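As stored in coords04.cif (mmCIF, C-alpha atoms and all ligand atoms):
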```
data_data
#
loop_
_atom_site.label_atom_id
_atom_site.label_comp_id
_atom_site.auth_asym_id
_atom_site.auth_seq_id
_atom_site.Cartn_x
_atom_site.Cartn_y
_atom_site.Cartn_z
CA MET A 1 44.24 -135.94 220.54
CA LYS A 2 43.29 -132.28 220.48
CA ALA A 3 40.98 -129.82 218.74
CA ARG A 4 42.59 -127.61 216.09
CA PHE A 5 41.06 -124.47 214.64
CA PRO A 6 42.15 -123.87 211.06
CA LYS A 7 40.97 -121.03 208.91
CA PHE A 8 41.25 -121.98 205.28
CA ASP A 9 40.74 -119.44 202.54
CA PHE A 10 38.51 -120.89 199.83
CA SER A 11 37.86 -117.54 198.11
CA SER A 12 40.08 -118.46 195.16
CA LEU A 13 39.34 -122.19 195.19
CA ARG A 14 39.04 -123.90 191.80
CA ALA A 15 36.65 -126.84 191.43
CA HIS A 16 39.38 -128.60 189.45
CA TRP A 17 41.98 -128.21 192.18
CA ALA A 18 43.99 -131.33 191.30
CA PRO A 19 45.71 -132.11 187.96
CA ASN A 20 43.27 -135.01 187.57
CA GLN A 21 40.10 -132.90 187.59
CA GLU A 22 37.84 -135.95 187.75
CA PHE A 23 39.56 -136.96 191.00
CA ALA A 24 39.00 -133.41 192.31
CA GLN A 25 35.29 -133.65 191.45
CA ARG A 26 34.97 -137.04 193.15
CA ALA A 27 36.59 -135.52 196.26
CA ASN A 28 34.28 -132.49 195.92
CA ALA A 29 31.30 -134.86 195.89
CA ALA A 30 32.64 -136.48 199.07
CA SER A 31 32.92 -133.05 200.69
CA LEU A 32 29.12 -132.87 200.90
CA ILE A 33 29.12 -135.85 203.27
CA PRO A 34 30.81 -134.30 206.34
CA ALA A 35 28.79 -131.09 206.00
CA TYR A 36 25.65 -133.07 206.88
CA ILE A 37 26.76 -136.28 208.58
CA GLU A 38 29.02 -134.61 211.12
CA PRO A 39 26.34 -132.32 212.63
CA TYR A 40 24.23 -135.51 212.96
CA LEU A 41 27.19 -137.30 214.55
CA LEU A 42 27.49 -134.49 217.10
CA LYS A 43 23.82 -134.86 218.04
CA VAL A 44 24.15 -138.65 218.38
CA MET A 45 27.24 -138.29 220.55
CA MET A 46 25.63 -135.64 222.73
CA GLN A 47 22.69 -138.00 223.32
CA ALA A 48 25.13 -140.81 224.10
CA LYS A 49 27.20 -138.67 226.47
CA LYS A 50 24.19 -138.23 228.75
CA ARG A 51 23.90 -142.01 229.05
CA ILE A 52 27.56 -142.80 229.74
CA ASP A 53 28.48 -143.36 233.37
CA PRO A 54 30.18 -140.17 234.70
CA SER A 55 32.89 -142.39 236.23
CA LYS A 56 34.17 -143.11 232.66
CA THR A 57 36.10 -139.88 232.73
CA ALA A 58 38.56 -140.76 229.94
CA LEU A 59 35.73 -141.51 227.48
CA HIS A 60 33.90 -138.30 228.45
CA ARG A 61 37.09 -136.30 227.89
CA GLU A 62 37.66 -137.93 224.50
CA LEU A 63 34.06 -137.31 223.49
CA ASP A 64 34.46 -133.62 224.32
CA ILE A 65 37.51 -133.38 222.00
CA PHE A 66 35.75 -135.50 219.35
CA ILE A 67 32.82 -133.08 219.35
CA LYS A 68 35.13 -130.05 219.01
CA GLN A 69 37.05 -131.68 216.14
CA GLU A 70 33.89 -132.65 214.24
CA MET A 71 32.50 -129.12 214.67
CA GLN A 72 35.55 -127.72 212.92
CA HIS A 73 35.42 -130.37 210.18
CA CYS A 74 31.83 -129.68 209.17
CA ARG A 75 32.41 -125.93 209.40
CA GLN A 76 35.27 -126.09 206.89
CA HIS A 77 33.41 -128.42 204.51
CA ILE A 78 30.34 -126.16 204.58
CA ALA A 79 32.56 -123.21 203.57
CA PHE A 80 34.17 -125.34 200.86
CA ASN A 81 30.78 -126.50 199.52
CA LYS A 82 29.49 -122.92 199.50
CA ARG A 83 32.39 -121.98 197.25
CA MET A 84 31.34 -124.83 194.91
CA HIS A 85 27.86 -123.27 194.68
CA ASP A 86 29.45 -119.90 193.90
CA LEU A 87 31.54 -121.55 191.18
CA GLY A 88 28.33 -122.52 189.34
CA TYR A 89 27.53 -125.87 190.92
CA GLU A 90 24.13 -124.78 192.21
CA LEU A 91 22.89 -128.23 191.18
CA LEU A 92 24.31 -129.47 194.50
CA LYS A 93 21.79 -127.52 196.59
CA PRO A 94 18.71 -129.80 196.20
CA VAL A 95 20.90 -132.89 196.63
CA GLU A 96 22.25 -131.46 199.86
CA ALA A 97 18.77 -130.61 201.14
CA GLU A 98 17.63 -134.19 200.60
CA PHE A 99 20.77 -135.59 202.22
CA GLU A 100 20.30 -133.33 205.25
CA ALA A 101 16.69 -134.54 205.60
CA THR A 102 17.90 -138.15 205.75
CA PHE A 103 19.88 -137.43 208.90
CA ALA A 104 16.98 -135.58 210.49
CA ARG A 105 14.93 -138.72 209.77
CA PHE A 106 17.58 -140.99 211.32
CA LEU A 107 17.52 -138.88 214.49
CA ALA A 108 13.72 -138.80 214.63
CA THR A 109 12.92 -142.41 213.77
CA LYS A 110 15.92 -144.67 214.39
CA SER A 111 17.08 -146.11 217.71
CA LEU A 112 20.15 -144.76 219.49
CA ARG A 113 21.73 -148.19 218.90
CA PHE A 114 21.27 -147.83 215.13
CA ASN A 115 22.60 -144.27 215.15
CA LEU A 116 25.66 -145.38 217.14
CA ALA A 117 26.35 -148.34 214.83
CA TYR A 118 25.91 -146.17 211.73
CA SER A 119 28.19 -143.50 213.28
CA GLU A 120 30.83 -146.12 214.02
CA GLY A 121 30.47 -147.41 210.44
CA PHE A 122 31.14 -143.91 209.15
CA GLU A 123 34.07 -143.44 211.53
CA SER A 124 35.74 -146.67 210.42
CA LEU A 125 35.38 -145.46 206.82
CA SER A 126 36.89 -142.07 207.62
CA ALA A 127 39.86 -143.58 209.47
CA THR A 128 40.41 -145.64 206.29
CA ALA A 129 40.19 -142.49 204.17
CA CYS A 130 43.12 -141.12 206.20
CA VAL A 131 45.29 -143.91 204.78
CA LEU A 132 44.09 -143.01 201.29
CA TYR A 133 44.98 -139.30 201.62
CA PHE A 134 48.40 -140.00 203.18
CA GLU A 135 49.45 -142.98 201.07
CA ASP A 136 47.31 -144.07 198.12
CA TYR A 137 46.43 -140.61 196.73
CA ASN A 138 49.94 -139.12 196.83
CA GLU A 139 50.25 -139.32 193.04
CA LEU A 140 46.83 -137.67 192.58
CA LEU A 141 47.69 -134.90 195.06
CA GLU A 142 51.02 -134.04 193.47
CA HIS A 143 50.82 -130.41 192.21
CA ALA A 144 47.27 -130.06 193.62
CA ASP A 145 46.20 -126.73 195.14
CA PRO A 146 47.19 -126.49 198.82
CA GLU A 147 43.92 -125.39 200.50
CA PRO A 148 41.71 -128.36 199.53
CA THR A 149 44.62 -130.77 199.93
CA ASN A 150 45.27 -129.52 203.45
CA MET A 151 41.58 -129.45 204.32
CA TRP A 152 41.30 -133.13 203.48
CA ARG A 153 44.60 -134.16 205.09
CA TRP A 154 43.90 -132.22 208.32
CA HIS A 155 40.35 -133.58 208.51
CA LEU A 156 41.28 -137.18 207.87
CA ALA A 157 44.33 -137.06 210.15
CA GLU A 158 41.98 -135.99 212.95
CA GLU A 159 39.60 -138.77 211.92
CA PHE A 160 42.43 -141.22 212.46
CA GLU A 161 43.32 -139.52 215.74
CA HIS A 162 39.78 -139.94 217.15
CA ARG A 163 39.11 -143.34 215.54
CA THR A 164 38.37 -145.14 218.83
CA VAL A 165 35.73 -142.76 220.21
CA CYS A 166 32.58 -143.89 218.37
CA SER A 167 33.63 -147.52 218.73
CA ASP A 168 34.05 -147.13 222.51
CA VAL A 169 30.71 -145.33 222.79
CA TYR A 170 28.96 -147.99 220.68
CA HIS A 171 30.35 -150.83 222.79
CA GLU A 172 29.51 -148.94 225.98
CA LEU A 173 25.86 -148.36 225.04
CA SER A 174 24.83 -151.04 222.52
CA GLY A 175 23.24 -153.16 225.25
CA LEU A 176 24.14 -156.28 223.26
CA ASN A 177 26.29 -159.28 224.13
CA PRO A 178 29.66 -159.39 222.31
CA VAL A 179 28.41 -161.65 219.48
CA PHE A 180 25.30 -159.58 218.73
CA ALA A 181 27.27 -156.36 219.20
CA TYR A 182 29.70 -157.59 216.51
CA PHE A 183 26.95 -158.39 213.99
CA TYR A 184 25.09 -155.17 214.71
CA ARG A 185 28.36 -153.20 214.22
CA LEU A 186 28.69 -154.90 210.82
CA TYR A 187 25.11 -153.91 210.01
CA GLY A 188 25.93 -150.26 210.80
CA TYR A 189 29.11 -150.48 208.72
CA PHE A 190 27.37 -152.03 205.68
CA TYR A 191 24.54 -149.53 205.97
CA ALA A 192 27.03 -146.63 205.99
CA ILE A 193 28.97 -148.04 203.01
CA VAL A 194 25.86 -148.48 200.86
CA HIS A 195 24.23 -145.21 201.92
CA LEU A 196 27.30 -143.00 201.63
CA GLY A 197 28.85 -144.86 198.69
CA ARG A 198 25.68 -144.47 196.62
CA PHE A 199 25.44 -140.81 197.55
CA GLN A 200 29.02 -140.06 196.58
CA LEU A 201 28.66 -141.88 193.24
CA MET A 202 25.43 -140.04 192.46
CA VAL A 203 26.94 -136.62 193.26
CA SER A 204 30.17 -137.42 191.38
CA LYS A 205 28.13 -138.32 188.30
CA LYS A 206 26.22 -135.03 188.49
CA LEU A 207 29.45 -133.01 188.76
CA LEU A 208 31.19 -134.89 185.96
CA ASP A 209 28.10 -134.71 183.69
CA HIS A 210 27.92 -130.96 184.36
CA ASP A 211 31.59 -130.49 183.40
CA ARG A 212 31.30 -132.70 180.32
CA SER A 213 28.23 -130.86 179.05
CA THR A 214 30.52 -128.06 177.80
CA MET A 215 33.35 -130.29 176.51
CA THR A 216 34.08 -131.33 172.93
CA PRO A 217 33.83 -135.08 172.16
CA ALA A 218 37.65 -135.29 172.26
CA GLN A 219 37.74 -133.62 175.69
CA VAL A 220 35.02 -135.96 176.99
CA LYS A 221 37.14 -138.90 175.87
CA GLN A 222 40.13 -137.50 177.79
CA SER A 223 37.93 -136.89 180.82
CA VAL A 224 36.68 -140.49 180.80
CA ALA A 225 40.28 -141.75 180.56
CA ARG A 226 41.44 -139.54 183.50
CA ASP A 227 38.46 -140.66 185.56
CA LYS A 228 39.36 -144.28 184.93
CA VAL A 229 42.85 -143.63 186.35
CA ALA A 230 41.39 -141.81 189.38
CA ARG A 231 38.86 -144.56 190.13
CA LYS A 232 41.50 -147.24 189.88
CA ILE A 233 43.69 -145.48 192.46
CA MET A 234 40.74 -144.57 194.69
CA GLY A 235 39.43 -148.14 194.80
CA ARG A 236 42.80 -149.88 194.95
CA HIS A 237 42.62 -151.07 198.58
CA PHE A 238 38.86 -151.03 199.14
CA ILE A 239 38.47 -154.80 199.55
CA SER A 240 41.44 -155.28 201.91
CA ASN A 241 40.35 -152.32 204.07
CA PHE A 242 36.76 -153.58 204.04
CA LEU A 243 37.77 -157.06 205.18
CA LYS A 244 39.93 -155.73 208.03
CA ILE A 245 37.01 -153.75 209.43
CA CYS A 246 34.67 -156.76 209.07
CA SER A 247 36.94 -158.91 211.24
CA PRO A 248 35.53 -159.79 214.68
CA PHE A 249 38.99 -158.83 215.99
CA TYR A 250 38.89 -155.35 214.43
CA ASN A 251 40.06 -152.80 216.96
CA PRO A 252 40.41 -149.18 215.79
CA LEU A 253 43.07 -148.58 218.45
CA THR A 254 45.52 -151.04 216.87
CA ARG A 255 45.03 -149.94 213.26
CA ARG A 256 48.29 -149.30 211.43
CA GLU A 257 49.10 -145.60 211.47
CA PRO A 258 49.02 -143.91 208.03
CA LYS A 259 52.55 -142.89 206.99
CA GLY A 260 53.39 -139.35 208.01
CA TYR A 261 50.05 -138.42 209.57
CA ARG A 262 51.51 -137.47 212.98
CA GLU A 263 54.27 -135.35 211.46
CA TYR A 264 51.67 -133.73 209.22
CA LEU A 265 49.52 -132.69 212.19
CA THR A 266 52.52 -131.21 214.01
CA ALA A 267 53.47 -129.17 210.94
CA PHE A 268 49.83 -128.25 210.38
CA GLU A 269 49.52 -126.78 213.88
CA ALA A 270 52.44 -124.46 213.23
CA ARG A 271 51.06 -123.29 209.86
CA TYR A 272 47.29 -123.37 209.94
CA ASP A 273 45.99 -123.65 213.49
CA ARG A 274 44.74 -120.19 214.54
CA GLY A 275 43.48 -121.30 217.98
CA PRO A 276 39.94 -121.15 219.41
CA ALA A 277 40.01 -117.38 220.15
CA THR A 278 40.71 -116.52 216.52
CA ASP A 279 38.09 -119.03 215.50
CA LEU A 280 35.41 -117.35 217.58
CA ALA A 281 36.33 -113.93 216.24
CA ALA A 282 36.25 -115.14 212.64
FE FE B 1 35.19 -135.35 210.76
FE FE B 2 35.09 -138.47 212.96
#
```
Now that the file is in, can you turn its structure into structure tokens?
Ligand SMILES: [Fe+2]
Ligand SMILES: [Fe+2]
Amino acid sequence: MKARFPKFDFSSLRAHWAPNQEFAQRANAASLIPAYIEPYLLKVMMQAKKRIDPSKTALHRELDIFIKQEMQHCRQHIAFNKRMHDLGYELLKPVEAEFEATFARFLATKSLRFNLAYSEGFESLSATACVLYFEDYNELLEHADPEPTNMWRWHLAEEFEHRTVCSDVYHELSGLNPVFAYFYRLYGYFYAIVHLGRFQLMVSKKLLDHDRSTMTPAQVKQSVARDKVARKIMGRHFISNFLKICSPFYNPLTRREPKGYREYLTAFEARYDRGPATDLAA
């Protein structure tokens, strides 16, 4: 587990960066999530770090890397989302402002236990998304533009890499016995699924409606058909992944590794990782 410092170039990014443009727009809707949830996650983890016994040196070290990784993730998604605004999707701005306010409210009004359970819920979803981007979505990513594809694969590979951190922090600080800790973890997971799932669907609909507003009826029909294909692939393993995470024996450490994710990260470091010095100068 390590922090990597990519510098993607989104200056020529197309909103429809995958052959199935409805899939691209659904991924673009999802890109709003890390831009706002990950800065919140950093704040939750920094609060938690102060409460973790200093003798737990391994967890402190992992938290430090986790924080560095998440900082890079949200930075890249913010740049990506800004390019979407520049491409004419200004309609995202008020949606983003409202989404950002939700996390400020969570920090101001919710308990640390809730914020940790919600964070772990999000992290178990993002480790699952790694499997999607390395296995299930291969057919959707064939002939897709490299920058957004690599942004998502790098991000989600690191999500898989740091999948145990929020879980360890939650179990360290929940203050609950194992049975209650299990049910409260489920509560955080369900909360994250409903909150983030609804948000992504709402944003996807706005983007697709925007695109379809300039299409002919025949093009709209084709768009609906492509979207149906994308949704089928995107939702293919939702139930089985959901049930695995709901198990009382769920342990992020022993999750099956997505095919090729390690090799991808090694290759990524050689091609995209500019190192922290370059990052600071950028
Ligand atoms: Fe992330
Ligand atoms: Fe993460």
Would you pick out the contacts of region 59-62 of chain A at 10 Å or less, using all atoms listed in the file, so that residues sharing its chain but fewer than 5 positions from it are not included, and give the list as a VMD selection string? chain A and resid 1 to 2 49 to 50 52 to 54 67 to 68 162 164 to 166 168 to 169 172
Which residues form the shell of 9 Å around ligand FE 2 (chain B) when you count only C-alpha atoms and all ligand atoms, given as a VMD selection string? chain A and resid 34 38 41 66 to 67 69 to 70 73 119 to 120 122 to 124 126 to 127 155 to 156 158 to 163 165 to 166
Could you pull out every residue with an atom within 10 Å of (24.2, -125.4, 198.3), file coordinates, counting all atoms listed in the file, and send them as a PDB file with C-alpha atoms, in the coordinates of the input?
```
ATOM      1  CA  LEU A  32      29.120-132.870 200.900  1.00  0.00           C
ATOM      2  CA  ILE A  78      30.340-126.160 204.580  1.00  0.00           C
ATOM      3  CA  ASN A  81      30.780-126.500 199.520  1.00  0.00           C
ATOM      4  CA  LYS A  82      29.490-122.920 199.500  1.00  0.00           C
ATOM      5  CA  ARG A  83      32.390-121.980 197.250  1.00  0.00           C
ATOM      6  CA  MET A  84      31.340-124.830 194.910  1.00  0.00           C
ATOM      7  CA  HIS A  85      27.860-123.270 194.680  1.00  0.00           C
ATOM      8  CA  ASP A  86      29.450-119.900 193.900  1.00  0.00           C
ATOM      9  CA  TYR A  89      27.530-125.870 190.920  1.00  0.00           C
ATOM     10  CA  GLU A  90      24.130-124.780 192.210  1.00  0.00           C
ATOM     11  CA  LEU A  91      22.890-128.230 191.180  1.00  0.00           C
ATOM     12  CA  LEU A  92      24.310-129.470 194.500  1.00  0.00           C
ATOM     13  CA  LYS A  93      21.790-127.520 196.590  1.00  0.00           C
ATOM     14  CA  PRO A  94      18.710-129.800 196.200  1.00  0.00           C
ATOM     15  CA  VAL A  95      20.900-132.890 196.630  1.00  0.00           C
ATOM     16  CA  GLU A  96      22.250-131.460 199.860  1.00  0.00           C
ATOM     17  CA  ALA A  97      18.770-130.610 201.140  1.00  0.00           C
TER      18      ALA A  97
END
```
Shell of 8 Å around region 194-199 of chain A, all atoms listed in the file, local chain residues under 4 positions omitted, as a ChimeraX atom specification: /A:33,190,203
Could you dump the residues just selected with C-alpha atoms as a PDB file, in the frame of the given file?
```
ATOM      1  CA  ILE A  33      29.120-135.850 203.270  1.00  0.00           C
ATOM      2  CA  PHE A 190      27.370-152.030 205.680  1.00  0.00           C
ATOM      3  CA  VAL A 203      26.940-136.620 193.260  1.00  0.00           C
TER       4      VAL A 203
END
```
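Checking A:Arg105, A:His143, A:Arg236, A:Arg153 one by one against ligand FE 1 (chain B), counting only C-alpha atoms and all ligand atoms, you find the shortest gap at A:Arg153.
One finds CA of Ala27 (chain A) at 16.2 Å from CA of Val224 (chain A).
The shortest atom-to-atom distance to Cys130 (chain A), with all atoms listed in the file taken into account, belongs to A:Arg256 out of A:Arg271, A:Arg256, A:Lys205, A:Arg4.
In this structure, CA of Tyr184 (chain A) sits 17.2 Å away from CA of Ala48 (chain A).
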Compile the contact shell of Glu147 (chain A) as a compact mmCIF listing (two decimals) with C-alpha atoms, keeping the file's coordinate frame: residues with an atom at most 10 Å away, counting only C-alpha atoms, same-chain residues fewer than 2 positions apart removed.
```txt
# COMPACT_ATOMS: atom_id res chain seq x y z
CA LYS A 7 40.97 -121.03 208.91
CA PHE A 8 41.25 -121.98 205.28
CA ASP A 9 40.74 -119.44 202.54
CA PHE A 10 38.51 -120.89 199.83
CA SER A 12 40.08 -118.46 195.16
CA LEU A 13 39.34 -122.19 195.19
CA TRP A 17 41.98 -128.21 192.18
CA PHE A 80 34.17 -125.34 200.86
CA ALA A 144 47.27 -130.06 193.62
CA ASP A 145 46.20 -126.73 195.14
CA THR A 149 44.62 -130.77 199.93
CA ASN A 150 45.27 -129.52 203.45
CA MET A 151 41.58 -129.45 204.32
CA TRP A 152 41.30 -133.13 203.48
CA ARG A 153 44.60 -134.16 205.09
```
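Take CA of Glu135 (chain A) and CA of Gly188 (chain A): the distance between them is 26.5 Å.
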Please provide as a PyMOL selection string all residues within 12 Å of Ser240 (chain A), with the sequence filter that same-chain residues fewer than 6 positions apart are discarded (counting all atoms listed in the file). chain A and resi 128+246-247
Find, counting all atoms listed in the file, the residue in A:Leu176, A:Ala192, A:Ala30, A:Met46 that gets nearest to Gly121 (chain A). A:Ala192
Which polymer residues have any atom within 12 Å of an atom of Ile233 (chain A), counting all atoms listed in the file, with same-chain residues fewer than 5 positions away left out, as a PyMOL selection string? chain A and resi 20+23+132-133+135-141+226-228+238
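Considering only C-alpha atoms, the residue among A:Met234, A:Ala79, A:Leu63, A:Leu253 positioned nearest to Pro148 (chain A) is A:Ala79.
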